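A.B. asks: Have a look at this one.
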Amino acid sequence: MTDNQDKIAADPNKVDAIKLSLMLTDLRLPTINRLWQGFAQRADAEGWTAARFLATLVEHELAERDRRRIERHLKQARLLPGKSLSAFDFNAVPMISKAQVNALAAGDAWIDQGANCLIFGPPGPGKSHLASAIGLALVENGYRAFFTRTTDLVQRMQVARRELALESLIARLDRYHLLILDDLAYVQKDQAETSVLFELISARYERRSLLITANQPFGEWGKVFPDETTAVAAVDRLVHHATILEMNVESYRRRTALDRGKRKPGRPASFATGKNTKD
Ligand code: ADP
Ligand code: MG
């Protein structure tokens, strides 16, 4: 026995800090390991009950775990950097209800039911920004999301199909409550022919959510699926439980450039047209 252990054996209130630290490492409690000595001093000085001391340490461990989990999920989500809801100017898209977007960002009502969100509009009004920002808010709220250009995912799924691994890829994507497919319109005809996208949509139907951005609301979808029947079936599944946001405004970048040119605050009212479309 070392001197230290002798002392501990003599006084049951003395704790072997090194041994405790090793035990906390064994139990994978790094935050408690880091903080317990500081809190122990405070607890002794301020006369905390043992229960309060223990609860405080456990709370810190859990909070740190949550933080790390969200950080990990954010990395995996591959969202667009810097595109948050707070950086999104809702005045630029008057037909989009901020309250509705905030409800989407909170998740509960649609994500838990595997419902979808479709964002339509010409190039530039902020479809990708909004989609990524909703993904960001959801991850921060504890959900998991994955952002991908539609063509990238279609390509990945086609490779998987060739290797007879499409099913397992789709199953792996199940871990994401929300899959964000950006720019459906850019799926090329040769990519469409294998109908992997349709299989993904069918597999997630009423179970796991999709958020799709596209230039064309449905009219052109025949082009991204192998045939008209598949396109209709895909649209049918997508819109069955869906929030549809239409952003029929001119490109945000072009508009802000124009506004700067005019050196006037705001922008011409003529840009703020578009129908008010909610689900
Ligand atoms: P889309 O996907 O519809 O083509 P993007 O989301 O790529 O458009 O937007 C183009 C650029 O303009 C991005 O840098 C985006 O952050 C910015 N942008 C678009 N709309 C807004 C907005 N309402 N508020 C702030 N930035 C915006
Ligand atoms: Mg885009």
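Each chain of the structure tokens is named A, B, ... in the order shown, its residues numbered from 1; ligands are numbered from 1 in display order.
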Pick out the residues no farther than 8 Å from ligand 1, counting only C-alpha atoms and all ligand atoms, and list them as a list in words.

C.D. replies: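 Residues lying within 8 Å of ligand 1: Gly82, Lys83, Ala87, Phe88, Asp89, Phe90, Asn91, Ala92, Val93, Gly121, Pro122, Pro123, Gly124, Pro125, Gly126, Lys127, Ser128, His129, Leu130, Ala131, Asp182, Asp183, Thr213, Met247, Ser251, Tyr252 and Arg253 of chain A.
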
A.B. asks: Output as a PyMOL selection string all residues of stretch 31-223 of chain A that backbone DSSP marks as strand (DSSP E or B).

C.D. replies: chain A and resi 116-120+145-149+178-182+209-214

A.B. asks: Using the selection just defined, write its residues with C-alpha atoms as a PDB file, in the first residue's frame.

C.D. replies:
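Contents of result_10.pdb, as written:
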ATOM      1  CA  ASN A 116     -42.550  16.115 -47.119  1.00  0.00           C
ATOM      2  CA  CYS A 117     -41.743  19.653 -48.112  1.00  0.00           C
ATOM      3  CA  LEU A 118     -41.430  20.842 -51.699  1.00  0.00           C
ATOM      4  CA  ILE A 119     -39.883  24.179 -52.588  1.00  0.00           C
ATOM      5  CA  PHE A 120     -40.432  25.450 -56.120  1.00  0.00           C
ATOM      6  CA  ALA A 145     -30.775  15.607 -41.838  1.00  0.00           C
ATOM      7  CA  PHE A 146     -28.697  15.115 -44.958  1.00  0.00           C
ATOM      8  CA  PHE A 147     -28.344  17.673 -47.730  1.00  0.00           C
ATOM      9  CA  THR A 148     -27.332  16.555 -51.205  1.00  0.00           C
ATOM     10  CA  ARG A 149     -27.623  17.693 -54.772  1.00  0.00           C
ATOM     11  CA  LEU A 178     -34.932  14.433 -43.387  1.00  0.00           C
ATOM     12  CA  LEU A 179     -33.246  13.976 -46.741  1.00  0.00           C
ATOM     13  CA  ILE A 180     -32.843  17.249 -48.629  1.00  0.00           C
ATOM     14  CA  LEU A 181     -32.689  16.730 -52.393  1.00  0.00           C
ATOM     15  CA  ASP A 182     -31.563  19.982 -53.905  1.00  0.00           C
ATOM     16  CA  SER A 209     -39.317  12.965 -44.774  1.00  0.00           C
ATOM     17  CA  LEU A 210     -37.989  14.443 -47.989  1.00  0.00           C
ATOM     18  CA  LEU A 211     -37.416  18.091 -48.743  1.00  0.00           C
ATOM     19  CA  ILE A 212     -37.072  18.662 -52.460  1.00  0.00           C
ATOM     20  CA  THR A 213     -36.212  21.861 -54.275  1.00  0.00           C
ATOM     21  CA  ALA A 214     -37.030  22.135 -57.958  1.00  0.00           C
TER      22      ALA A 214
END

A.B. asks: Would you please work out which residue, of A:Ala99, A:Ile111, A:Leu164, A:Ala185, is nearest to ligand 2 when using only C-alpha atoms and all ligand atoms?

C.D. replies: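 Under the stated criterion, the closest residue is A:Ala185.
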
A.B. asks: From stretch 79-254 of chain A, collect each residue whose DSSP state is alpha helix (DSSP H) and return the set as a PyMOL selection string.

C.D. replies: chain A and resi 98-106+108-111+127-140+150-162+166-173+189-192+196-204+228-240+252-254

A.B. asks: Out of A:Gln37, A:Ser84, A:Asn215, A:Asn13, which residue has the shortest atom-to-atom distance to ligand 2 when counting only C-alpha atoms and all ligand atoms?

C.D. replies: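 Going through A:Gln37, A:Ser84, A:Asn215, A:Asn13 one by one, the smallest distance to ligand 2 is for A:Asn215.
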
A.B. asks: What is the distance between atom CA of A:Gly142 and atom CA of A:His177, in Å to one decimal?

C.D. replies: 10.0 Å

A.B. asks: In Å, with one decimal, what is the gap from atom CA of A:Ala137 to atom CA of A:Ala55?

C.D. replies: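 Result for atom CA of A:Ala137 versus atom CA of A:Ala55: 29.1 Å, one decimal.
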
A.B. asks: What is the distance between atom CA of A:Arg28 and atom CA of A:Arg72, in Å to one decimal?

C.D. replies: 17.5 Å
